Amino acid sequence: MTAARMTAMLGATAALAALAAPAHAASAAPPTVEEQRLDQAVPQEILRRSGFAGAAPSFTRALERAGSYRAAENVVARHGERLWRRAVDRAQGRVPAGDLDRADDRPLYWARLGMTRAVRRWNPSFALSDRARARLLARLERASRGQEDVAYPHRMRRILVTGFDPFTLDRDIRIGNPSGATALALDGTVVRTSRGPARIETMTFPVRWRDFTDGMVERALRPHLPRVDLFTTVSQGRPDRFDVERFNGAWRGGFPDNERASSTGLIPVRGAQPQWTVTTLPYRAMVGAGTGPFQVIDNTQVTEIPAGGTTEVVRPDGPTPGSTARAGAGGNYLSNEIAYRATLLRDRLGLTRLPGGHLHTPVLRFGDGNTDPGTGTVTDPQFERNRRAIVTQARDLITAAANA
C-alpha cells in the first residue's frame with residue numbers, strides 16, 4: 001500500500017469517526033471570578049449550615065439528564081425558580097433554616113453560583129453553542145432572582161421592591177447584603193396601608209456592570225412598572241442611616257464589581273438620556289414616619305461638573321441647571337445606576353406620577369470582636385440583630401411610602 005493511499009484511508013476513517021461522535025459546537029466555559037470564590041471555606045460553611053449545600057448537585061444531576069436544549073431550558077427554569085422560592089420560604093419561616101439565621105441572604109447567592117458554574121462546566125450529548133449556553137445562564141439568573149416570579153392579585157395595591165447580591169467579597173467573603181435580605185423577607189407579603197392592603201413583590205440583581213450594560217434592569221422592570229402603585233430599588237449604603245436618594249446621575253464611577261471588572265463613563269442606555277433623574281418617592285413622609293432605630297435622610301448631595309466648567313463640584317442641594325453628572329445622591333456605583341435606569345424607564349413610559357426611587361440601607365456590620373475576616377466567624381448575634389433591624393425598618397419605610 002502506497003503512502004498516499006494509507007493517508008487517504010486514515011483521513012476517511014477520521015472523517016467517519018467525527019460523524020459518529022457527539023457534536024459539540026462549544027466546549028465547557030471556564031468559571032467566573034464569582035464562581036471561583038465558591039470553593040473557599042466560608043461559602044461552603046454557609047451552604048452547609050443553611051441546608052442549601054444540595055441545591056447545585058441536585059441541579060447538576062437534572063442537567064446531565066437533559067437530552068436537548070429545550071429539556072435543559074426546562075431544568076434551568078424549574079430549578080432556578082425552586083431556588084428562589086426556597087430562599088423566600090426559608091426567610092419567611094416556611095421551611096427549615098439549618099442553624100443560620102432565617103433572614104440570611106447569603107445561601108441564595110452562593111447556591112446560585114454553584115448552579116451557574118454547573119452550566120458552564122456542562123458538556124451535553126448534543127450541540128450547544130456559546131450563545132445557547134449564555135441563554136441558559138441568563139434564564140437561570142432571571143428565575144433564581146425572582147424576576148420571573150412577580151404576580152399580583154386583583155383588587156389589591158401593588159408594590160415592587162428590588163435588592164442586590166453581596167459585594168466587596170474580596171475584602172470580606174463573609175459579607176451579606178441587607179437589601180437582598182429585605183427582598184427575601186418581603187416577597188409576596190401584604191402590608192396594611194391607609195388605602196387598603198398592598199402586596200409586595202420583589203426581585204434581586206447582580207453586582208456586575210455587564211448585566212446592567214446588557215439591559216437586565218429594563219427587561220425585568222418594564223412589564224411591571226405600568227401595573228404597580230409604587231416601586232423602590234434598594235441597596236446597602238452608609239453606616240447607621242437610611243437614605244432616600246433624591247437625585248440619580250448618569251455616570252459610572254468605575255468601582256470594581258463582583259467580577260473585579262470596572263466601568264467608567266456615561267451609563268449606557270439607548271436613546272437620548274438626561275444627566276439626572278429625580279425620585280418620586282414621598283421622601284418627606286418617609287423621613288418623618290418615625291420608622292425605627294436608624295436615622296432616615298432625604299439625601300440631596302450630588303457631584304457635578306457645572307455648565308461651562310471642567311472641575312467636579314460637590315453640591316449639597318442637588319444639581320445645577322445644565323451640569324454634567326459625576327455622582328448622584330447615591331454615588332456612582334451600581335446602586336445609583338439601578339436607580340437611574342428605573343426612574344428613567346418610569347419617565348420614558350410616561351409614568352411621571354408613579355412614586356418610585358431608591359432607598360439605601362445602613363451597612364450591615366459584624367459584631368464587636370468579629371470584624372477580622374481572617375479569624376472571624378460567618379455570623380454572630382449582633383450581625384443577626386443588625387440585619388433584622390434593617391429589614392424591619394426597610395419594610396416600615398416602604399409601608400410609610402405606600403401610605404403617603
# chains A, B, ... in the order shown; residues from 1 in each chain; ligands from 1

$ residues_around --residues "Pro226 of chain A" --least-positions-apart "2" --cutoff "12 Å" --atoms "only C-alpha atoms" --output "JSON, numbers by chain"
{"A": [158, 159, 160, 221, 222, 223, 224, 228, 229, 230, 231, 345, 346, 347, 348, 349, 350, 351, 352, 353, 354, 355, 356]}

$ write_last_selection --atoms "N, CA, C and O atoms" --output "CSV table (one decimal), in the first residue's frame"
chain,number,residue,atom,x,y,z
A,158,ARG,N,-50.3,47.5,44.7
A,158,ARG,CA,-49.1,46.7,44.2
A,158,ARG,C,-47.8,47.5,44.4
A,158,ARG,O,-47.7,48.7,44.0
A,159,ILE,N,-46.9,46.9,45.1
A,159,ILE,CA,-45.6,47.5,45.4
A,159,ILE,C,-44.5,46.6,44.8
A,159,ILE,O,-44.5,45.3,45.0
A,160,LEU,N,-43.5,47.1,44.2
A,160,LEU,CA,-42.3,46.4,43.6
A,160,LEU,C,-41.1,46.8,44.3
A,160,LEU,O,-40.8,48.1,44.4
A,221,LEU,N,-38.0,45.2,34.8
A,221,LEU,CA,-38.9,46.1,35.3
A,221,LEU,C,-40.0,46.6,34.3
A,221,LEU,O,-41.1,46.9,34.8
A,222,ARG,N,-39.7,46.6,33.1
A,222,ARG,CA,-40.6,47.2,32.1
A,222,ARG,C,-42.0,46.5,32.1
A,222,ARG,O,-43.0,47.3,32.0
A,223,PRO,N,-42.1,45.2,32.3
A,223,PRO,CA,-43.5,44.7,32.3
A,223,PRO,C,-44.3,45.1,33.5
A,223,PRO,O,-45.6,45.0,33.5
A,224,HIS,N,-43.7,45.5,34.6
A,224,HIS,CA,-44.4,45.7,35.8
A,224,HIS,C,-44.6,47.1,36.2
A,224,HIS,O,-45.6,47.4,36.9
A,228,VAL,N,-47.9,48.8,38.7
A,228,VAL,CA,-47.7,49.0,40.2
A,228,VAL,C,-48.1,50.3,40.7
A,228,VAL,O,-48.2,51.3,39.9
A,229,ASP,N,-48.3,50.4,42.0
A,229,ASP,CA,-48.6,51.7,42.6
A,229,ASP,C,-47.4,52.4,43.2
A,229,ASP,O,-47.5,53.6,43.5
A,230,LEU,N,-46.3,51.7,43.4
A,230,LEU,CA,-45.1,52.2,44.0
A,230,LEU,C,-44.0,51.2,43.7
A,230,LEU,O,-44.2,50.0,43.7
A,231,PHE,N,-42.8,51.8,43.5
A,231,PHE,CA,-41.6,50.9,43.4
A,231,PHE,C,-40.4,51.6,44.1
A,231,PHE,O,-40.3,52.8,44.2
A,345,LEU,N,-36.6,54.8,33.1
A,345,LEU,CA,-37.7,53.9,32.5
A,345,LEU,C,-39.1,54.4,32.9
A,345,LEU,O,-40.0,54.5,32.0
A,346,ARG,N,-39.2,54.8,34.2
A,346,ARG,CA,-40.5,55.3,34.6
A,346,ARG,C,-40.9,56.5,33.8
A,346,ARG,O,-42.0,56.6,33.3
A,347,ASP,N,-40.0,57.4,33.5
A,347,ASP,CA,-40.2,58.6,32.8
A,347,ASP,C,-40.5,58.3,31.3
A,347,ASP,O,-41.4,58.9,30.7
A,348,ARG,N,-39.7,57.4,30.7
A,348,ARG,CA,-39.9,57.1,29.3
A,348,ARG,C,-41.2,56.4,29.1
A,348,ARG,O,-41.8,56.5,28.0
A,349,LEU,N,-41.7,55.7,30.1
A,349,LEU,CA,-43.1,55.1,29.9
A,349,LEU,C,-44.2,56.0,30.2
A,349,LEU,O,-45.4,55.6,30.2
A,350,GLY,N,-43.9,57.3,30.5
A,350,GLY,CA,-44.9,58.3,30.8
A,350,GLY,C,-45.5,58.1,32.2
A,350,GLY,O,-46.6,58.6,32.4
A,351,LEU,N,-44.8,57.5,33.1
A,351,LEU,CA,-45.4,57.2,34.4
A,351,LEU,C,-44.8,58.3,35.4
A,351,LEU,O,-44.4,57.9,36.5
A,352,THR,N,-44.9,59.5,35.1
A,352,THR,CA,-44.2,60.5,35.9
A,352,THR,C,-44.9,60.7,37.3
A,352,THR,O,-44.3,61.3,38.2
A,353,ARG,N,-46.1,60.3,37.4
A,353,ARG,CA,-46.8,60.4,38.7
A,353,ARG,C,-46.6,59.1,39.6
A,353,ARG,O,-47.1,59.1,40.7
A,354,LEU,N,-46.0,58.1,39.0
A,354,LEU,CA,-45.8,56.9,39.8
A,354,LEU,C,-44.7,57.1,40.8
A,354,LEU,O,-43.6,57.5,40.5
A,355,PRO,N,-45.0,56.9,42.1
A,355,PRO,CA,-43.9,57.0,43.1
A,355,PRO,C,-42.9,56.0,43.0
A,355,PRO,O,-43.2,54.8,42.9
A,356,GLY,N,-41.6,56.4,42.8
A,356,GLY,CA,-40.5,55.5,42.7
A,356,GLY,C,-39.2,56.1,42.8
A,356,GLY,O,-39.0,57.3,42.6

$ residues_around --residues "Ala401 of chain A" --least-positions-apart "5" --cutoff "8 Å" --atoms "only C-alpha atoms" --output "NGL selection string"
:A and (281-283 or 285-286)

$ write_last_selection --atoms "C-alpha atoms" --output "PDB file, in the first residue's frame"
ATOM      1  CA  LEU A 281     -40.873  58.617  46.341  1.00  0.00           C
ATOM      2  CA  PRO A 282     -42.663  60.602  49.096  1.00  0.00           C
ATOM      3  CA  TYR A 283     -39.380  61.348  50.852  1.00  0.00           C
ATOM      4  CA  ALA A 285     -43.321  61.309  54.590  1.00  0.00           C
ATOM      5  CA  MET A 286     -40.655  58.604  54.774  1.00  0.00           C
TER       6      MET A 286
END

$ closest_residue --among "A:Glu245, A:Asp240, A:Asp149, A:Asp211" --to "Glu259 of chain A" --atoms "only C-alpha atoms"
A:Asp211

$ select_by_dssp --residues "segment 262-365 of chain A" --states "alpha helix (DSSP H)" --output "list in words"
Tyr283, Arg284, Ala285, Met286, Val287, Leu334, Ser335, Asn336, Glu337, Ile338, Ala339, Tyr340, Arg341, Ala342, Thr343, Leu344, Leu345, Arg346, Asp347 and Arg348 of chain A

$ write_last_selection --atoms "N, CA and C atoms" --output "PDB file, in the first residue's frame"
ATOM      1  N   TYR A 283     -40.516  61.350  49.928  1.00  0.00           N
ATOM      2  CA  TYR A 283     -39.380  61.348  50.852  1.00  0.00           C
ATOM      3  C   TYR A 283     -39.682  62.083  52.151  1.00  0.00           C
ATOM      4  N   ARG A 284     -40.485  63.124  52.101  1.00  0.00           N
ATOM      5  CA  ARG A 284     -40.804  63.841  53.341  1.00  0.00           C
ATOM      6  C   ARG A 284     -41.590  62.937  54.292  1.00  0.00           C
ATOM      7  N   ALA A 285     -42.539  62.220  53.755  1.00  0.00           N
ATOM      8  CA  ALA A 285     -43.321  61.309  54.590  1.00  0.00           C
ATOM      9  C   ALA A 285     -42.457  60.180  55.128  1.00  0.00           C
ATOM     10  N   MET A 286     -41.524  59.689  54.333  1.00  0.00           N
ATOM     11  CA  MET A 286     -40.655  58.604  54.774  1.00  0.00           C
ATOM     12  C   MET A 286     -39.706  59.073  55.874  1.00  0.00           C
ATOM     13  N   VAL A 287     -39.160  60.260  55.703  1.00  0.00           N
ATOM     14  CA  VAL A 287     -38.255  60.804  56.723  1.00  0.00           C
ATOM     15  C   VAL A 287     -38.991  61.042  58.035  1.00  0.00           C
ATOM     16  N   LEU A 334     -23.326  50.769  41.209  1.00  0.00           N
ATOM     17  CA  LEU A 334     -24.499  50.124  40.642  1.00  0.00           C
ATOM     18  C   LEU A 334     -25.788  50.462  41.383  1.00  0.00           C
ATOM     19  N   SER A 335     -25.706  50.889  42.629  1.00  0.00           N
ATOM     20  CA  SER A 335     -26.916  51.344  43.322  1.00  0.00           C
ATOM     21  C   SER A 335     -27.459  52.614  42.675  1.00  0.00           C
ATOM     22  N   ASN A 336     -26.583  53.556  42.371  1.00  0.00           N
ATOM     23  CA  ASN A 336     -27.020  54.737  41.629  1.00  0.00           C
ATOM     24  C   ASN A 336     -27.532  54.346  40.247  1.00  0.00           C
ATOM     25  N   GLU A 337     -26.845  53.385  39.609  1.00  0.00           N
ATOM     26  CA  GLU A 337     -27.231  53.030  38.246  1.00  0.00           C
ATOM     27  C   GLU A 337     -28.602  52.376  38.186  1.00  0.00           C
ATOM     28  N   ILE A 338     -28.916  51.481  39.140  1.00  0.00           N
ATOM     29  CA  ILE A 338     -30.244  50.866  39.092  1.00  0.00           C
ATOM     30  C   ILE A 338     -31.315  51.927  39.342  1.00  0.00           C
ATOM     31  N   ALA A 339     -31.029  52.879  40.229  1.00  0.00           N
ATOM     32  CA  ALA A 339     -31.980  53.961  40.469  1.00  0.00           C
ATOM     33  C   ALA A 339     -32.152  54.821  39.225  1.00  0.00           C
ATOM     34  N   TYR A 340     -31.045  55.128  38.554  1.00  0.00           N
ATOM     35  CA  TYR A 340     -31.113  55.928  37.328  1.00  0.00           C
ATOM     36  C   TYR A 340     -31.912  55.197  36.252  1.00  0.00           C
ATOM     37  N   ARG A 341     -31.592  53.929  36.037  1.00  0.00           N
ATOM     38  CA  ARG A 341     -32.274  53.178  34.988  1.00  0.00           C
ATOM     39  C   ARG A 341     -33.767  53.015  35.299  1.00  0.00           C
ATOM     40  N   ALA A 342     -34.101  52.731  36.552  1.00  0.00           N
ATOM     41  CA  ALA A 342     -35.502  52.516  36.909  1.00  0.00           C
ATOM     42  C   ALA A 342     -36.313  53.799  36.770  1.00  0.00           C
ATOM     43  N   THR A 343     -35.766  54.917  37.236  1.00  0.00           N
ATOM     44  CA  THR A 343     -36.511  56.180  37.141  1.00  0.00           C
ATOM     45  C   THR A 343     -36.526  56.727  35.719  1.00  0.00           C
ATOM     46  N   LEU A 344     -35.477  56.473  34.946  1.00  0.00           N
ATOM     47  CA  LEU A 344     -35.511  56.865  33.534  1.00  0.00           C
ATOM     48  C   LEU A 344     -36.567  56.050  32.794  1.00  0.00           C
ATOM     49  N   LEU A 345     -36.640  54.754  33.094  1.00  0.00           N
ATOM     50  CA  LEU A 345     -37.681  53.923  32.490  1.00  0.00           C
ATOM     51  C   LEU A 345     -39.066  54.419  32.886  1.00  0.00           C
ATOM     52  N   ARG A 346     -39.228  54.757  34.158  1.00  0.00           N
ATOM     53  CA  ARG A 346     -40.503  55.333  34.617  1.00  0.00           C
ATOM     54  C   ARG A 346     -40.897  56.530  33.758  1.00  0.00           C
ATOM     55  N   ASP A 347     -39.953  57.434  33.527  1.00  0.00           N
ATOM     56  CA  ASP A 347     -40.245  58.644  32.769  1.00  0.00           C
ATOM     57  C   ASP A 347     -40.491  58.341  31.296  1.00  0.00           C
ATOM     58  N   ARG A 348     -39.725  57.432  30.734  1.00  0.00           N
ATOM     59  CA  ARG A 348     -39.903  57.090  29.315  1.00  0.00           C
ATOM     60  C   ARG A 348     -41.229  56.399  29.055  1.00  0.00           C
TER      61      ARG A 348
END

$ closest_atom_pairs --of "segment 29-119 of chain A" --to "segment 369-393 of chain A" --cutoff "7 Å" --atoms "only C-alpha atoms" --output "JSON lines"
{"residue": "A:Val42", "atom": "CA", "partner": "A:Val378", "partner_atom": "CA", "distance": 6.8}
{"residue": "A:Asp101", "atom": "CA", "partner": "A:Glu384", "partner_atom": "CA", "distance": 6.8}
{"residue": "A:Ala103", "atom": "CA", "partner": "A:Arg388", "partner_atom": "CA", "distance": 6.9}

$ closest_residue --among "A:Arg171, A:Arg85, A:Arg208, A:Arg157" --to "Val190 of chain A" --atoms "only C-alpha atoms"
A:Arg157

$ closest_residue --among "A:Leu140, A:Ala91, A:Ala127, A:Phe242" --to "Ala185 of chain A" --atoms "only C-alpha atoms"
A:Ala91

$ closest_residue --among "A:Thr202, A:Ala250, A:Val363, A:Gly290" --to "Ala272 of chain A" --atoms "only C-alpha atoms"
A:Ala250

$ residues_around --residues "His360 of chain A" --least-positions-apart "2" --cutoff "7 Å" --atoms "only C-alpha atoms" --output "ChimeraX atom specification"
/A:234-237,242-244,358,362

$ write_last_selection --atoms "N, CA and C atoms" --output "PDB file, in the first residue's frame"
ATOM      1  N   VAL A 234     -33.507  49.046  46.161  1.00  0.00           N
ATOM      2  CA  VAL A 234     -32.888  49.105  47.486  1.00  0.00           C
ATOM      3  C   VAL A 234     -31.476  48.548  47.389  1.00  0.00           C
ATOM      4  N   SER A 235     -30.537  49.173  48.097  1.00  0.00           N
ATOM      5  CA  SER A 235     -29.172  48.660  48.180  1.00  0.00           C
ATOM      6  C   SER A 235     -28.564  49.068  49.509  1.00  0.00           C
ATOM      7  N   GLN A 236     -27.414  48.472  49.819  1.00  0.00           N
ATOM      8  CA  GLN A 236     -26.695  48.834  51.035  1.00  0.00           C
ATOM      9  C   GLN A 236     -25.906  50.107  50.807  1.00  0.00           C
ATOM     10  N   GLY A 237     -25.964  51.025  51.781  1.00  0.00           N
ATOM     11  CA  GLY A 237     -25.343  52.321  51.584  1.00  0.00           C
ATOM     12  C   GLY A 237     -24.319  52.702  52.630  1.00  0.00           C
ATOM     13  N   PHE A 242     -30.481  55.262  56.918  1.00  0.00           N
ATOM     14  CA  PHE A 242     -31.171  55.063  55.651  1.00  0.00           C
ATOM     15  C   PHE A 242     -31.114  56.374  54.870  1.00  0.00           C
ATOM     16  N   ASP A 243     -30.974  56.266  53.559  1.00  0.00           N
ATOM     17  CA  ASP A 243     -31.022  57.439  52.685  1.00  0.00           C
ATOM     18  C   ASP A 243     -32.079  57.241  51.618  1.00  0.00           C
ATOM     19  N   VAL A 244     -33.000  58.199  51.508  1.00  0.00           N
ATOM     20  CA  VAL A 244     -33.880  58.274  50.349  1.00  0.00           C
ATOM     21  C   VAL A 244     -33.148  59.162  49.354  1.00  0.00           C
ATOM     22  N   HIS A 358     -35.004  55.339  44.939  1.00  0.00           N
ATOM     23  CA  HIS A 358     -34.023  54.446  45.549  1.00  0.00           C
ATOM     24  C   HIS A 358     -33.901  54.685  47.044  1.00  0.00           C
ATOM     25  N   PRO A 362     -28.672  51.032  55.898  1.00  0.00           N
ATOM     26  CA  PRO A 362     -27.397  51.077  56.629  1.00  0.00           C
ATOM     27  C   PRO A 362     -26.493  49.908  56.239  1.00  0.00           C
TER      28      PRO A 362
END

$ residues_around --residues "Leu83 of chain A" --least-positions-apart "2" --cutoff "8 Å" --atoms "only C-alpha atoms" --output "PyMOL selection string"
chain A and resi 55+79-81+85-87+108+112+144

$ select_by_dssp --residues "segment 223-384 of chain A" --states "strand (DSSP E)" --output "number ranges by chain"
A: 230-236, 241-245, 247-249, 251-253, 264-266, 276-278, 295-299, 302-305, 313-315, 324-327, 356-361

$ closest_residue --among "A:Val296, A:Ala261, A:Ala53, A:Ala325" --to "Pro274 of chain A" --atoms "only C-alpha atoms"
A:Ala325

$ closest_residue --among "A:Thr232, A:Gln92, A:Ser262, A:Asn332" --to "Asp187 of chain A" --atoms "only C-alpha atoms"
A:Gln92

$ residues_around --residues "Asn299 of chain A" --least-positions-apart "3" --cutoff "9 Å" --atoms "only C-alpha atoms" --output "ChimeraX atom specification"
/A:243-247,302,316-318,329-330

$ atom_distance --atom1 "atom CA of Phe294 of chain A" --atom2 "atom CA of Thr361 of chain A"
9.2 Å

$ residues_around --residues "segment 213-215 of chain A" --least-positions-apart "3" --cutoff "9 Å" --atoms "only C-alpha atoms" --output "list in words"
Trp209, Arg210, Glu218, Arg219, Ala220, Ile267, Pro268 and Val269 of chain A

$ write_last_selection --atoms "N, CA and C atoms" --output "short mmCIF file (atom, residue, chain, number, x, y, z; two decimals), in the first residue's frame"
data_model
loop_
_atom_site.label_atom_id
_atom_site.label_comp_id
_atom_site.auth_asym_id
_atom_site.auth_seq_id
_atom_site.Cartn_x
_atom_site.Cartn_y
_atom_site.Cartn_z
N TRP A 209 -21.30 44.98 36.36
CA TRP A 209 -21.53 46.02 35.35
C TRP A 209 -22.12 45.43 34.07
N ARG A 210 -21.65 44.25 33.67
CA ARG A 210 -22.04 43.72 32.35
C ARG A 210 -23.53 43.43 32.26
N GLU A 218 -33.91 46.99 32.77
CA GLU A 218 -35.07 47.38 31.97
C GLU A 218 -35.94 46.19 31.59
N ARG A 219 -35.32 45.06 31.23
CA ARG A 219 -36.10 43.87 30.88
C ARG A 219 -36.92 43.38 32.08
N ALA A 220 -36.34 43.45 33.26
CA ALA A 220 -37.03 42.94 34.44
C ALA A 220 -38.15 43.88 34.89
N ILE A 267 -23.52 56.15 31.72
CA ILE A 267 -24.31 54.92 31.81
C ILE A 267 -24.86 54.58 30.43
N PRO A 268 -24.59 53.38 29.92
CA PRO A 268 -25.02 53.05 28.56
C PRO A 268 -26.50 52.68 28.49
N VAL A 269 -27.29 53.58 27.95
CA VAL A 269 -28.70 53.32 27.67
C VAL A 269 -28.99 53.75 26.25
#

$ residues_around --residues "segment 30-33 of chain A" --least-positions-apart "6" --cutoff "8 Å" --atoms "only C-alpha atoms" --output "list of chain:residue names"
A:Arg117, A:Arg120, A:Arg121, A:Asn258, A:Glu259, A:Arg260
